[in-house]
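Take a look at the structure set out below.
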Amino acid sequence: MLKRFLAYYKPHSTLFILDMLAALLISAIGMVYPIATNKMLNDLIPNRQYTAVVLFGLLVLALYGIRMLLRFFVQYYGHMIGTRMQAQMRRDMFRHLQTLPFSYFDRSETGQILSRLTSDLFDVAELAHHGPENLIISSLTIIGSFIYLCTIHVGLTMIIFACVPILVVVSIYFRKRMRAAFKERRATTAGINAAIESSITGIRVTKAFVGGETEYDKFEKNNSLFVGACKKAYKAMGWFHSVSSFITDVFNVVIIVAGGLFLYAGKISAGDYTTFIISVNLFISPVVTLIGFMEQYQNGVTGFSRFLEVMDEPSEVENPGAKPMDGVKGEIRFTDVSFHYEGREKGVLEHINLKVNKGEKLALVGHSGGGKTTLCHLIPAFYRASGGSVSIDGVNVNDLTLDSLRRHIGIVQQDVFLFGGTVKDNILYGRPEATEEEVIEAAKRAHIHEFVMSLEQGYDTEIGERGIRLSGGQKQRISIARVFLKNPDILILDEATSALDNTTEIQIQHALDELCKGRTTIVVAHRLSTIRSADEIAVIEEGKVVEKGTHDALMETNGIYQRLYEQQFRSQTDGV
C-alpha cells in the first residue's frame with residue numbers, strides 16, 4: 001500500500017523536495033532561540049556585552065521573518081501538493097469506475113461510492129501534505145534537539161530520553177484500537193451518505209406516499225450507528241491523547257526534579273539549567289506532534305485503503321485477441337444461453353435458443369422477473385453468459401472489443417436517464433462529435449423538435465437534474481433522439497413505452513417505429529398490442545422460452561401468449 005501511495009508524489013517531486021527543505025529550515029530556525037538564550041545567559045549578559053545582545057535579538061527577529069515566509073510556502077504549496085494528489089486519485093477512481101462491470105454497481109450504493117470519492121480522499125490529501133512533514137521533520141528535530149541537549153548536559157538528556165520508550169509503547173497500543181474504530185466510523189459515514197442520497201433522489205415518492213417518517217427512521221438508524229462508531233473512535237482517541245499528554249507532563253516534572261538536583265550538586269550551571277528548561281521543548285514538541293499525527297495518520301490510511309478497495313475491483317475484461325466489430329449486418333443468435341447473477345445459485349436464464357435475422361424484430365414478452373431484460377443485457381456484454389453463447393453475425397460477443405460492440409447497439413429503456421445540462425447536451429451523448437444540424441434532425445425524427453423550439457432557450461435549455469423539468473414523454477423522446485443520433489445497427493427497446501399514458505405512448509410509438517426501420521430490433525414489451533407486427537415473439541417465463549412464433553401463430557395455440565393478450569384486451573375494453 002505504501003508503494004502505491006508514494007507513487008502519487010512522483011509528479012510533484014520537485015515541489016515536494018522544496019516543501020520538505022522549507023519545513024527543515026523552519027525546524028532549524030526554531031533552535032536559534034534556545035541557542036541565543038544560552039549564549040546570552042552564559043556569556044553576553046554576564047560580560048555586559050549589551051550591543052551584542054541587541055544584535056543577537058535583531059538576528060533572531062530577522063530569522064523569524066524568514067521563518068514566516070517559509071511557513072507560508074509550506075502551508076500553501078504543501079497543501080497544494082495534497083490537493084493535486086487528491087485530484088489525481090479522484091481522477092483515477094472515476095476513470096476506473098467507468099470500467100467496472102454492472103455487477104459492481106449492483107452490489108454498491110451510490111452514497112458509499114461518493115463518500116470514497118470525496119471525504120475519504122480529503123483525509124488522504126491531508127495525510128499526503130502533513131504526513132512527510134510531521135514524520136520526517138519531527139524525527140530530524142528530535143535527533144537534532146537530542147544532540148544539542150547533550151551539549152548542555154548529557155546526564156539530564158539521557159534521563160529525559162529514557163521516557164520515550166514508554167511513549168512509544170502507549171502509542172502502538174492505542175494506535176491499534178484507533179485504527180479499527182476509525183475504519184468503522186468511516187463505514188458508517190458512507191452509510192449516512194447512501195441513505196441521504198437515496199432519500200433526496202426519491203423525495204417525490206416520499207412525499208407522494210407520506211413516507212417522511214419512514215425515511216427519517218432509516219436515516220436515524222444509520223445516524224445512530226455513526227454516533228456509536230464515533231463513541232468508540234473518540235474514546236480510543238481520548239485515552240491515546242490523555243495518556244500521551246500525561247507522559248509528556250512527566251517529562252517536565254523529571255526536568256525540574258533532576259535538573260534541580262544536578263544544580264544543587266553543582267553539576268550544572270544556573271544558565272545551562274535555565275537553557276535546558278527552555279530547550280527541552282525542542283525535544284518534547286516534535287514528540288507531541290508525532291503523537292497528534294497518529295489521528296491524522298489513521299484517517300488518511302483508512303481513507304486510502306478504502307480508495308484501494310475500489311481501485312482493486314477488477315475491470316471489465318476483454319478476451320485476449322478481441323477484435324473490433326466492423327461491417328455489422330445485425331444477425332443475433334442466442335445458443336443454449338444460461339445466466340445467473342453473482343452470489344446467487346438460482347439461474348435467471350436457462351438454455352435459451354433464439355435467432356434474430358438482419359433487420360428483423362424479435363419481441364420478448366412474459367411476466368415480470370422472467371429474465372427478459374437480463375437477456376437483453378447479454379447482447380452488449382453488460383453481463384457475461386454463464387453458459388452457452390451470444391453471437392452477432394456469427395461472432396461471439398466475448399470475442400469483440402467492448403467499445404466497438406456497444407457503439408453498434410442502441411438502447412431505449414423504460415427508466416430514462418438524462419444528465420444534468422441542456423437538451424442539446426443530452427442528445428449529443430449519442431454522438432458527441434455530431435453537428436448542430438444532425439442534432440436537430442435527430443430531434444425531428446424523435447418528434448421532439450417542436451417542443452424544444454417552444455422553450456425559451458431552445459436546445460440550450462437546462463433540463464435540471466435527471467431531466468426533472470420535463471415530462472415522462474418528453475424525456476423519452478429526448479432519449480430516442482439520442483439513439484437516432486447514434487444511428488446503431490442493433491436496437492434494444494426495453495419496455496420503452498410502458499410507463500407512459502396511452503396518448504403519449506401513441507406519439508412515442510411513431511418515433512420508435514421510425515427508429516426500428518432497417519435495424520435488427522429486440523423489444524421487451526409490456527403492452528402486447530405494440531408488438532403484433534414483430535417477425536417473432538418469444539414468451540419467457542422463469543428464465544425459459546416457453547413459446548415462440550408470430551402473433552397470429554401464437555394466438556392459435558391457446559397458450560400463455562394468447563391468455564396474456566386477451567387479458568390485456570379485456571382490461572383495455574373494461575377501461576373504456
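By order in the C-alpha cells, chains are A, B, ...; within a chain, residues start at 1; ligands start at 1, following the order shown.
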
Neighbouring residues of segment 430-446 of chain A were defined as those with any atom within 6 Å, considering only C-alpha atoms; residues of the same chain fewer than 5 positions away were excluded. Please report them as a PDB file with all heavy atoms, in the first residue's frame.
```
ATOM      1  N   ARG A 477     -38.631  10.959 -25.474  1.00  0.00           N
ATOM      2  CA  ARG A 477     -38.337  11.367 -26.847  1.00  0.00           C
ATOM      3  C   ARG A 477     -36.915  11.912 -26.992  1.00  0.00           C
ATOM      4  O   ARG A 477     -36.281  11.734 -28.032  1.00  0.00           O
ATOM      5  CB  ARG A 477     -39.375  12.391 -27.335  1.00  0.00           C
ATOM      6  CG  ARG A 477     -40.635  11.718 -27.876  1.00  0.00           C
ATOM      7  CD  ARG A 477     -41.684  12.703 -28.316  1.00  0.00           C
ATOM      8  NE  ARG A 477     -42.455  13.195 -27.175  1.00  0.00           N
ATOM      9  CZ  ARG A 477     -43.519  13.969 -27.285  1.00  0.00           C
ATOM     10  NH1 ARG A 477     -43.930  14.359 -28.475  1.00  0.00           N
ATOM     11  NH2 ARG A 477     -44.174  14.358 -26.215  1.00  0.00           N
ATOM     12  N   ILE A 480     -34.807   8.952 -27.263  1.00  0.00           N
ATOM     13  CA  ILE A 480     -34.931   8.373 -28.606  1.00  0.00           C
ATOM     14  C   ILE A 480     -34.115   9.189 -29.615  1.00  0.00           C
ATOM     15  O   ILE A 480     -33.441   8.633 -30.492  1.00  0.00           O
ATOM     16  CB  ILE A 480     -36.413   8.305 -29.024  1.00  0.00           C
ATOM     17  CG1 ILE A 480     -37.160   7.300 -28.137  1.00  0.00           C
ATOM     18  CG2 ILE A 480     -36.553   7.915 -30.500  1.00  0.00           C
ATOM     19  CD1 ILE A 480     -38.663   7.305 -28.323  1.00  0.00           C
ATOM     20  N   ALA A 481     -34.145  10.509 -29.477  1.00  0.00           N
ATOM     21  CA  ALA A 481     -33.325  11.370 -30.347  1.00  0.00           C
ATOM     22  C   ALA A 481     -31.845  11.040 -30.172  1.00  0.00           C
ATOM     23  O   ALA A 481     -31.067  11.044 -31.143  1.00  0.00           O
ATOM     24  CB  ALA A 481     -33.589  12.841 -30.016  1.00  0.00           C
ATOM     25  N   ARG A 482     -31.466  10.744 -28.945  1.00  0.00           N
ATOM     26  CA  ARG A 482     -30.086  10.382 -28.646  1.00  0.00           C
ATOM     27  C   ARG A 482     -29.680   9.120 -29.424  1.00  0.00           C
ATOM     28  O   ARG A 482     -28.577   9.038 -29.964  1.00  0.00           O
ATOM     29  CB  ARG A 482     -29.965  10.153 -27.136  1.00  0.00           C
ATOM     30  CG  ARG A 482     -28.560  10.018 -26.604  1.00  0.00           C
ATOM     31  CD  ARG A 482     -28.514  10.305 -25.112  1.00  0.00           C
ATOM     32  NE  ARG A 482     -29.378   9.435 -24.319  1.00  0.00           N
ATOM     33  CZ  ARG A 482     -29.642   9.628 -23.022  1.00  0.00           C
ATOM     34  NH1 ARG A 482     -29.127  10.671 -22.400  1.00  0.00           N
ATOM     35  NH2 ARG A 482     -30.413   8.806 -22.358  1.00  0.00           N
ATOM     36  N   VAL A 483     -30.590   8.141 -29.501  1.00  0.00           N
ATOM     37  CA  VAL A 483     -30.312   6.907 -30.233  1.00  0.00           C
ATOM     38  C   VAL A 483     -30.337   7.155 -31.740  1.00  0.00           C
ATOM     39  O   VAL A 483     -29.535   6.580 -32.489  1.00  0.00           O
ATOM     40  CB  VAL A 483     -31.312   5.803 -29.837  1.00  0.00           C
ATOM     41  CG1 VAL A 483     -31.054   4.538 -30.648  1.00  0.00           C
ATOM     42  CG2 VAL A 483     -31.206   5.494 -28.351  1.00  0.00           C
ATOM     43  N   PHE A 484     -31.258   8.009 -32.215  1.00  0.00           N
ATOM     44  CA  PHE A 484     -31.264   8.372 -33.638  1.00  0.00           C
ATOM     45  C   PHE A 484     -29.903   8.936 -34.034  1.00  0.00           C
ATOM     46  O   PHE A 484     -29.369   8.626 -35.105  1.00  0.00           O
ATOM     47  CB  PHE A 484     -32.344   9.415 -33.923  1.00  0.00           C
ATOM     48  CG  PHE A 484     -33.645   8.830 -34.394  1.00  0.00           C
ATOM     49  CD1 PHE A 484     -34.814   9.034 -33.683  1.00  0.00           C
ATOM     50  CD2 PHE A 484     -33.708   8.072 -35.556  1.00  0.00           C
ATOM     51  CE1 PHE A 484     -36.025   8.498 -34.116  1.00  0.00           C
ATOM     52  CE2 PHE A 484     -34.903   7.539 -36.009  1.00  0.00           C
ATOM     53  CZ  PHE A 484     -36.069   7.743 -35.287  1.00  0.00           C
ATOM     54  N   LEU A 485     -29.349   9.793 -33.169  1.00  0.00           N
ATOM     55  CA  LEU A 485     -28.062  10.420 -33.473  1.00  0.00           C
ATOM     56  C   LEU A 485     -26.941   9.376 -33.478  1.00  0.00           C
ATOM     57  O   LEU A 485     -26.025   9.449 -34.288  1.00  0.00           O
ATOM     58  CB  LEU A 485     -27.760  11.520 -32.449  1.00  0.00           C
ATOM     59  CG  LEU A 485     -26.600  12.465 -32.782  1.00  0.00           C
ATOM     60  CD1 LEU A 485     -26.904  13.247 -34.044  1.00  0.00           C
ATOM     61  CD2 LEU A 485     -26.344  13.420 -31.622  1.00  0.00           C
ATOM     62  N   LYS A 486     -27.048   8.415 -32.588  1.00  0.00           N
ATOM     63  CA  LYS A 486     -26.042   7.350 -32.530  1.00  0.00           C
ATOM     64  C   LYS A 486     -26.088   6.487 -33.775  1.00  0.00           C
ATOM     65  O   LYS A 486     -25.064   5.979 -34.238  1.00  0.00           O
ATOM     66  CB  LYS A 486     -26.274   6.490 -31.280  1.00  0.00           C
ATOM     67  CG  LYS A 486     -25.209   5.419 -31.058  1.00  0.00           C
ATOM     68  CD  LYS A 486     -25.451   4.652 -29.760  1.00  0.00           C
ATOM     69  CE  LYS A 486     -24.336   3.657 -29.502  1.00  0.00           C
ATOM     70  NZ  LYS A 486     -24.527   2.891 -28.257  1.00  0.00           N
ATOM     71  N   ALA A 511     -42.367   7.417 -33.173  1.00  0.00           N
ATOM     72  CA  ALA A 511     -40.922   7.675 -33.202  1.00  0.00           C
ATOM     73  C   ALA A 511     -40.141   6.366 -33.141  1.00  0.00           C
ATOM     74  O   ALA A 511     -39.128   6.198 -33.830  1.00  0.00           O
ATOM     75  CB  ALA A 511     -40.529   8.573 -32.027  1.00  0.00           C
TER      76      ALA A 511
END
```

**Prompt:** Near Met89 of chain A, counting only C-alpha atoms, which residues have an atom at most 10 Å away, once you skip same-chain residues fewer than 5 positions from it, shown as an NGL selection string?
**Reply:** :A and (5 or 8 or 83-84 or 94-95 or 117 or 121 or 124-125 or 304 or 307-308 or 311)

Got a sec to tell me which of segment 196-402 of chain A DSSP assigns to alpha helix (DSSP H), as a compact mmCIF listing (two decimals) with N, CA and C atoms, in the first residue's frame?
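After the write, selection-v3.txt holds the following:
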```
# COMPACT_ATOMS: atom_id res chain seq x y z
N ILE A 196 -28.88 9.36 2.64
CA ILE A 196 -29.27 10.72 2.24
C ILE A 196 -29.45 10.78 0.72
N GLU A 197 -28.50 10.19 -0.02
CA GLU A 197 -28.57 10.21 -1.48
C GLU A 197 -29.85 9.53 -1.96
N SER A 198 -30.17 8.38 -1.36
CA SER A 198 -31.37 7.64 -1.74
C SER A 198 -32.63 8.44 -1.42
N SER A 199 -32.65 9.07 -0.25
CA SER A 199 -33.84 9.80 0.18
C SER A 199 -34.09 11.04 -0.67
N ILE A 200 -33.02 11.78 -0.96
CA ILE A 200 -33.16 13.00 -1.76
C ILE A 200 -33.56 12.66 -3.20
N THR A 201 -32.94 11.60 -3.75
CA THR A 201 -33.28 11.19 -5.11
C THR A 201 -34.75 10.80 -5.21
N ILE A 203 -37.29 11.89 -3.31
CA ILE A 203 -38.10 12.78 -2.47
C ILE A 203 -39.54 12.88 -2.95
N ARG A 204 -39.76 12.80 -4.26
CA ARG A 204 -41.13 12.91 -4.78
C ARG A 204 -41.96 11.69 -4.40
N VAL A 205 -41.32 10.52 -4.43
CA VAL A 205 -42.02 9.31 -3.99
C VAL A 205 -42.31 9.40 -2.49
N THR A 206 -41.34 9.91 -1.75
CA THR A 206 -41.52 10.05 -0.30
C THR A 206 -42.72 10.93 0.02
N LYS A 207 -42.80 12.06 -0.68
CA LYS A 207 -43.92 12.98 -0.42
C LYS A 207 -45.25 12.39 -0.90
N ALA A 208 -45.22 11.69 -2.02
CA ALA A 208 -46.45 11.13 -2.56
C ALA A 208 -47.04 10.07 -1.63
N GLY A 212 -42.23 10.43 4.94
CA GLY A 212 -41.17 11.18 5.61
C GLY A 212 -40.66 10.50 6.86
N GLU A 213 -41.57 9.96 7.68
CA GLU A 213 -41.17 9.30 8.93
C GLU A 213 -40.39 8.03 8.65
N THR A 214 -40.81 7.31 7.62
CA THR A 214 -40.09 6.08 7.26
C THR A 214 -38.66 6.40 6.85
N GLU A 215 -38.50 7.43 6.01
CA GLU A 215 -37.17 7.84 5.58
C GLU A 215 -36.34 8.33 6.76
N TYR A 216 -37.01 9.06 7.67
CA TYR A 216 -36.30 9.55 8.85
C TYR A 216 -35.80 8.39 9.71
N ASP A 217 -36.64 7.37 9.86
CA ASP A 217 -36.25 6.20 10.66
C ASP A 217 -35.04 5.50 10.04
N LYS A 218 -35.04 5.38 8.70
CA LYS A 218 -33.89 4.74 8.03
C LYS A 218 -32.63 5.59 8.20
N PHE A 219 -32.81 6.91 8.07
CA PHE A 219 -31.67 7.80 8.26
C PHE A 219 -31.15 7.72 9.70
N GLU A 220 -32.08 7.74 10.65
CA GLU A 220 -31.68 7.75 12.05
C GLU A 220 -30.97 6.46 12.45
N LYS A 221 -31.35 5.36 11.81
CA LYS A 221 -30.68 4.10 12.09
C LYS A 221 -29.20 4.22 11.73
N ASN A 222 -28.92 4.75 10.54
CA ASN A 222 -27.52 4.95 10.13
C ASN A 222 -26.84 6.01 10.97
N ASN A 223 -27.61 7.05 11.34
CA ASN A 223 -27.05 8.12 12.16
C ASN A 223 -26.65 7.58 13.53
N SER A 224 -27.47 6.71 14.09
CA SER A 224 -27.17 6.12 15.40
C SER A 224 -25.93 5.22 15.33
N LEU A 225 -25.82 4.48 14.22
CA LEU A 225 -24.63 3.66 14.03
C LEU A 225 -23.38 4.54 13.96
N PHE A 226 -23.53 5.70 13.30
CA PHE A 226 -22.42 6.65 13.21
C PHE A 226 -22.02 7.17 14.58
N VAL A 227 -23.01 7.52 15.38
CA VAL A 227 -22.73 8.02 16.74
C VAL A 227 -22.03 6.95 17.56
N GLY A 228 -22.50 5.69 17.44
CA GLY A 228 -21.88 4.60 18.18
C GLY A 228 -20.44 4.37 17.75
N ALA A 229 -20.20 4.45 16.44
CA ALA A 229 -18.84 4.27 15.93
C ALA A 229 -17.94 5.41 16.38
N CYS A 230 -18.47 6.63 16.36
CA CYS A 230 -17.70 7.79 16.83
C CYS A 230 -17.36 7.66 18.32
N LYS A 231 -18.31 7.13 19.07
CA LYS A 231 -18.09 6.94 20.51
C LYS A 231 -16.88 6.05 20.74
N LYS A 232 -16.81 4.95 19.99
CA LYS A 232 -15.66 4.05 20.12
C LYS A 232 -14.37 4.74 19.67
N ALA A 233 -14.46 5.43 18.51
CA ALA A 233 -13.27 6.07 17.95
C ALA A 233 -12.73 7.16 18.87
N TYR A 234 -13.63 8.02 19.37
CA TYR A 234 -13.18 9.13 20.19
C TYR A 234 -12.77 8.68 21.59
N LYS A 235 -13.36 7.57 22.05
CA LYS A 235 -12.92 7.03 23.34
C LYS A 235 -11.48 6.54 23.24
N ALA A 236 -11.19 5.82 22.13
CA ALA A 236 -9.82 5.35 21.91
C ALA A 236 -8.88 6.53 21.73
N MET A 237 -9.35 7.55 20.98
CA MET A 237 -8.52 8.74 20.77
C MET A 237 -8.32 9.52 22.05
N GLY A 238 -9.37 9.58 22.89
CA GLY A 238 -9.28 10.31 24.15
C GLY A 238 -8.25 9.69 25.07
N TRP A 239 -8.28 8.36 25.19
CA TRP A 239 -7.28 7.69 26.02
C TRP A 239 -5.89 7.89 25.44
N PHE A 240 -5.79 7.82 24.12
CA PHE A 240 -4.50 7.99 23.46
C PHE A 240 -3.87 9.34 23.80
N HIS A 241 -4.66 10.40 23.61
CA HIS A 241 -4.13 11.75 23.84
C HIS A 241 -3.90 12.04 25.32
N SER A 242 -4.83 11.63 26.16
CA SER A 242 -4.70 11.95 27.58
C SER A 242 -3.50 11.25 28.22
N VAL A 243 -3.32 9.95 27.90
CA VAL A 243 -2.18 9.22 28.45
C VAL A 243 -0.88 9.75 27.87
N SER A 244 -0.88 10.04 26.57
CA SER A 244 0.33 10.58 25.93
C SER A 244 0.70 11.94 26.52
N SER A 245 -0.30 12.78 26.72
CA SER A 245 -0.05 14.10 27.32
C SER A 245 0.47 13.96 28.74
N PHE A 246 -0.05 12.98 29.47
CA PHE A 246 0.42 12.74 30.84
C PHE A 246 1.91 12.40 30.84
N ILE A 247 2.30 11.57 29.86
CA ILE A 247 3.72 11.19 29.79
C ILE A 247 4.59 12.40 29.48
N THR A 248 4.14 13.27 28.56
CA THR A 248 4.92 14.48 28.27
C THR A 248 4.96 15.42 29.47
N ASP A 249 3.88 15.42 30.27
CA ASP A 249 3.90 16.22 31.51
C ASP A 249 4.93 15.67 32.49
N VAL A 250 5.07 14.33 32.48
CA VAL A 250 6.06 13.71 33.35
C VAL A 250 7.46 14.18 32.96
N PHE A 251 7.66 14.40 31.63
CA PHE A 251 8.94 14.92 31.18
C PHE A 251 9.31 16.19 31.94
N ASN A 252 8.34 17.11 32.02
CA ASN A 252 8.61 18.40 32.67
C ASN A 252 8.92 18.22 34.16
N VAL A 253 8.21 17.30 34.81
CA VAL A 253 8.48 17.04 36.23
C VAL A 253 9.89 16.49 36.42
N VAL A 254 10.26 15.55 35.53
CA VAL A 254 11.60 14.96 35.60
C VAL A 254 12.67 16.03 35.42
N ILE A 255 12.42 16.96 34.47
CA ILE A 255 13.41 18.03 34.22
C ILE A 255 13.60 18.89 35.46
N ILE A 256 12.48 19.29 36.06
CA ILE A 256 12.56 20.17 37.23
C ILE A 256 13.28 19.48 38.39
N VAL A 257 12.88 18.21 38.66
CA VAL A 257 13.46 17.50 39.80
C VAL A 257 14.92 17.14 39.55
N ALA A 258 15.18 16.46 38.41
CA ALA A 258 16.55 16.03 38.12
C ALA A 258 17.47 17.22 37.92
N GLY A 259 16.95 18.23 37.17
CA GLY A 259 17.78 19.42 36.95
C GLY A 259 18.08 20.15 38.25
N GLY A 260 17.07 20.21 39.13
CA GLY A 260 17.29 20.87 40.43
C GLY A 260 18.34 20.14 41.24
N LEU A 261 18.33 18.80 41.21
CA LEU A 261 19.32 18.02 41.95
C LEU A 261 20.73 18.22 41.37
N PHE A 262 20.81 18.24 40.02
CA PHE A 262 22.10 18.49 39.39
C PHE A 262 22.62 19.89 39.73
N LEU A 263 21.71 20.87 39.76
CA LEU A 263 22.09 22.24 40.09
C LEU A 263 22.56 22.32 41.54
N TYR A 264 21.86 21.62 42.43
CA TYR A 264 22.22 21.62 43.86
C TYR A 264 23.59 20.97 44.06
N ALA A 270 23.52 27.57 36.55
CA ALA A 270 22.16 28.13 36.52
C ALA A 270 21.76 28.51 35.10
N GLY A 271 22.76 29.03 34.34
CA GLY A 271 22.48 29.41 32.95
C GLY A 271 22.14 28.20 32.10
N ASP A 272 22.92 27.12 32.24
CA ASP A 272 22.65 25.89 31.48
C ASP A 272 21.33 25.26 31.91
N TYR A 273 21.06 25.31 33.22
CA TYR A 273 19.80 24.74 33.72
C TYR A 273 18.61 25.49 33.11
N THR A 274 18.69 26.84 33.10
CA THR A 274 17.62 27.65 32.51
C THR A 274 17.48 27.36 31.02
N THR A 275 18.64 27.28 30.34
CA THR A 275 18.61 26.99 28.91
C THR A 275 18.01 25.62 28.64
N PHE A 276 18.35 24.65 29.49
CA PHE A 276 17.84 23.29 29.29
C PHE A 276 16.31 23.26 29.42
N ILE A 277 15.80 23.99 30.42
CA ILE A 277 14.35 24.04 30.61
C ILE A 277 13.67 24.63 29.38
N ILE A 278 14.29 25.69 28.82
CA ILE A 278 13.73 26.31 27.62
C ILE A 278 13.89 25.40 26.41
N SER A 279 15.06 24.77 26.30
CA SER A 279 15.39 24.00 25.11
C SER A 279 14.69 22.65 25.04
N VAL A 280 14.29 22.12 26.19
CA VAL A 280 13.70 20.79 26.19
C VAL A 280 12.42 20.74 25.35
N ASN A 281 11.77 21.90 25.17
CA ASN A 281 10.58 21.94 24.31
C ASN A 281 10.91 21.59 22.87
N LEU A 282 12.20 21.84 22.47
CA LEU A 282 12.63 21.44 21.14
C LEU A 282 12.50 19.92 20.97
N PHE A 283 12.68 19.20 22.08
CA PHE A 283 12.60 17.75 22.05
C PHE A 283 11.17 17.27 22.23
N ILE A 284 10.46 17.89 23.17
CA ILE A 284 9.11 17.44 23.51
C ILE A 284 8.10 17.79 22.41
N SER A 285 8.22 19.01 21.82
CA SER A 285 7.24 19.47 20.82
C SER A 285 7.11 18.53 19.63
N PRO A 286 8.22 18.11 18.99
CA PRO A 286 8.05 17.17 17.86
C PRO A 286 7.51 15.81 18.30
N VAL A 287 7.81 15.41 19.56
CA VAL A 287 7.26 14.16 20.07
C VAL A 287 5.74 14.28 20.17
N VAL A 288 5.28 15.43 20.70
CA VAL A 288 3.83 15.68 20.80
C VAL A 288 3.21 15.75 19.41
N THR A 289 3.94 16.37 18.47
CA THR A 289 3.45 16.46 17.09
C THR A 289 3.24 15.08 16.50
N LEU A 290 4.19 14.19 16.74
CA LEU A 290 4.06 12.83 16.22
C LEU A 290 2.89 12.10 16.87
N ILE A 291 2.65 12.40 18.14
CA ILE A 291 1.50 11.79 18.83
C ILE A 291 0.20 12.27 18.19
N GLY A 292 0.09 13.60 17.97
CA GLY A 292 -1.09 14.14 17.33
C GLY A 292 -1.26 13.66 15.91
N PHE A 293 -0.13 13.36 15.26
CA PHE A 293 -0.14 12.89 13.89
C PHE A 293 -0.82 11.53 13.74
N MET A 294 -0.84 10.78 14.83
CA MET A 294 -1.42 9.43 14.77
C MET A 294 -2.88 9.46 14.34
N GLU A 295 -3.64 10.44 14.83
CA GLU A 295 -5.06 10.54 14.46
C GLU A 295 -5.19 10.80 12.97
N GLN A 296 -4.40 11.75 12.47
CA GLN A 296 -4.44 12.07 11.05
C GLN A 296 -3.97 10.89 10.21
N TYR A 297 -2.98 10.20 10.74
CA TYR A 297 -2.47 9.02 10.04
C TYR A 297 -3.56 7.96 9.89
N GLN A 298 -4.30 7.73 10.98
CA GLN A 298 -5.35 6.72 10.94
C GLN A 298 -6.43 7.10 9.92
N ASN A 299 -6.83 8.37 9.93
CA ASN A 299 -7.84 8.83 8.97
C ASN A 299 -7.36 8.66 7.53
N GLY A 300 -6.11 9.08 7.30
CA GLY A 300 -5.55 9.01 5.95
C GLY A 300 -5.37 7.59 5.46
N VAL A 301 -4.84 6.73 6.32
CA VAL A 301 -4.61 5.33 5.93
C VAL A 301 -5.94 4.63 5.68
N THR A 302 -6.92 4.90 6.55
CA THR A 302 -8.24 4.30 6.36
C THR A 302 -8.85 4.76 5.04
N GLY A 303 -8.75 6.07 4.76
CA GLY A 303 -9.29 6.61 3.52
C GLY A 303 -8.60 6.01 2.30
N PHE A 304 -7.26 5.86 2.38
CA PHE A 304 -6.52 5.32 1.23
C PHE A 304 -6.83 3.84 1.03
N SER A 305 -7.01 3.10 2.13
CA SER A 305 -7.35 1.68 2.00
C SER A 305 -8.72 1.51 1.35
N ARG A 306 -9.67 2.42 1.68
CA ARG A 306 -10.99 2.37 1.05
C ARG A 306 -10.90 2.77 -0.42
N PHE A 307 -10.00 3.68 -0.73
CA PHE A 307 -9.74 4.06 -2.13
C PHE A 307 -9.20 2.85 -2.90
N LEU A 308 -8.29 2.12 -2.28
CA LEU A 308 -7.70 0.96 -2.95
C LEU A 308 -8.72 -0.17 -3.12
N GLU A 309 -9.68 -0.25 -2.20
CA GLU A 309 -10.72 -1.27 -2.35
C GLU A 309 -11.46 -1.11 -3.68
N VAL A 310 -11.72 0.15 -4.05
CA VAL A 310 -12.39 0.41 -5.33
C VAL A 310 -11.41 0.17 -6.48
N MET A 311 -10.19 0.69 -6.34
CA MET A 311 -9.21 0.57 -7.42
C MET A 311 -8.84 -0.89 -7.70
N LYS A 372 -36.31 -11.25 -19.14
CA LYS A 372 -36.29 -10.58 -20.45
C LYS A 372 -35.20 -9.51 -20.53
N THR A 373 -35.17 -8.61 -19.53
CA THR A 373 -34.16 -7.54 -19.53
C THR A 373 -32.76 -8.10 -19.39
N THR A 374 -32.60 -9.12 -18.57
CA THR A 374 -31.29 -9.75 -18.41
C THR A 374 -30.79 -10.30 -19.73
N LEU A 375 -31.70 -10.92 -20.50
CA LEU A 375 -31.32 -11.45 -21.81
C LEU A 375 -30.81 -10.34 -22.72
N CYS A 376 -31.49 -9.20 -22.68
CA CYS A 376 -31.06 -8.04 -23.49
C CYS A 376 -29.69 -7.54 -23.06
N HIS A 377 -29.41 -7.58 -21.76
CA HIS A 377 -28.14 -7.08 -21.24
C HIS A 377 -26.96 -7.95 -21.65
N LEU A 402 -15.23 -4.30 -26.30
CA LEU A 402 -16.46 -3.80 -25.70
C LEU A 402 -16.91 -2.47 -26.31
```

**Message:** Residues within 6 Å of Ile392 of chain A, please, as a ChimeraX atom specification. Count only C-alpha atoms; anything in the same chain fewer than 3 positions from it doesn't count.
**Reply:** /A:331-332,395

Include N, CA, C and O atoms and write out the residues we just selected as a compact mmCIF listing (two decimals), in the first residue's frame.
```
# COMPACT_ATOMS: atom_id res chain seq x y z
N GLU A 331 -27.25 -9.84 -37.40
CA GLU A 331 -27.86 -11.12 -37.03
C GLU A 331 -27.45 -11.48 -35.60
O GLU A 331 -26.26 -11.51 -35.28
N ILE A 332 -28.43 -11.75 -34.76
CA ILE A 332 -28.16 -12.08 -33.35
C ILE A 332 -28.62 -13.50 -33.09
O ILE A 332 -29.72 -13.90 -33.48
N VAL A 395 -20.19 -14.07 -34.65
CA VAL A 395 -19.03 -13.84 -33.79
C VAL A 395 -19.50 -13.71 -32.34
O VAL A 395 -20.39 -12.89 -32.05
```

Closest contacts (segment 30-126 of chain A/segment 313-326 of chain A, max 9 Å, only C-alpha atoms) as JSON lines:
```
{"residue": "A:His96", "atom": "CA", "partner": "A:Ser315", "partner_atom": "CA", "distance": 7.4}
{"residue": "A:Leu97", "atom": "CA", "partner": "A:Ser315", "partner_atom": "CA", "distance": 8.3}
{"residue": "A:Gln98", "atom": "CA", "partner": "A:Ser315", "partner_atom": "CA", "distance": 8.7}
{"residue": "A:Thr99", "atom": "CA", "partner": "A:Ser315", "partner_atom": "CA", "distance": 5.2}
{"residue": "A:Leu100", "atom": "CA", "partner": "A:Ser315", "partner_atom": "CA", "distance": 4.5}
{"residue": "A:Pro101", "atom": "CA", "partner": "A:Glu316", "partner_atom": "CA", "distance": 5.3}
{"residue": "A:Phe102", "atom": "CA", "partner": "A:Glu316", "partner_atom": "CA", "distance": 8.9}
{"residue": "A:Tyr104", "atom": "CA", "partner": "A:Glu313", "partner_atom": "CA", "distance": 8.1}
```

Expected file contents, prior selection, C-alpha atoms, as an mmCIF file, in the first residue's frame:
```cif
data_model
loop_
_atom_site.group_PDB
_atom_site.id
_atom_site.type_symbol
_atom_site.label_atom_id
_atom_site.label_comp_id
_atom_site.auth_asym_id
_atom_site.auth_seq_id
_atom_site.Cartn_x
_atom_site.Cartn_y
_atom_site.Cartn_z
ATOM 1 C CA HIS A 96 -11.765 3.161 -13.028
ATOM 2 C CA LEU A 97 -15.431 3.296 -12.060
ATOM 3 C CA GLN A 98 -16.270 3.703 -15.757
ATOM 4 C CA THR A 99 -14.553 0.396 -16.463
ATOM 5 C CA LEU A 100 -16.217 -1.668 -13.740
ATOM 6 C CA PRO A 101 -18.841 -4.245 -14.686
ATOM 7 C CA PHE A 102 -22.549 -3.908 -13.905
ATOM 8 C CA TYR A 104 -20.109 -3.977 -9.051
#
```
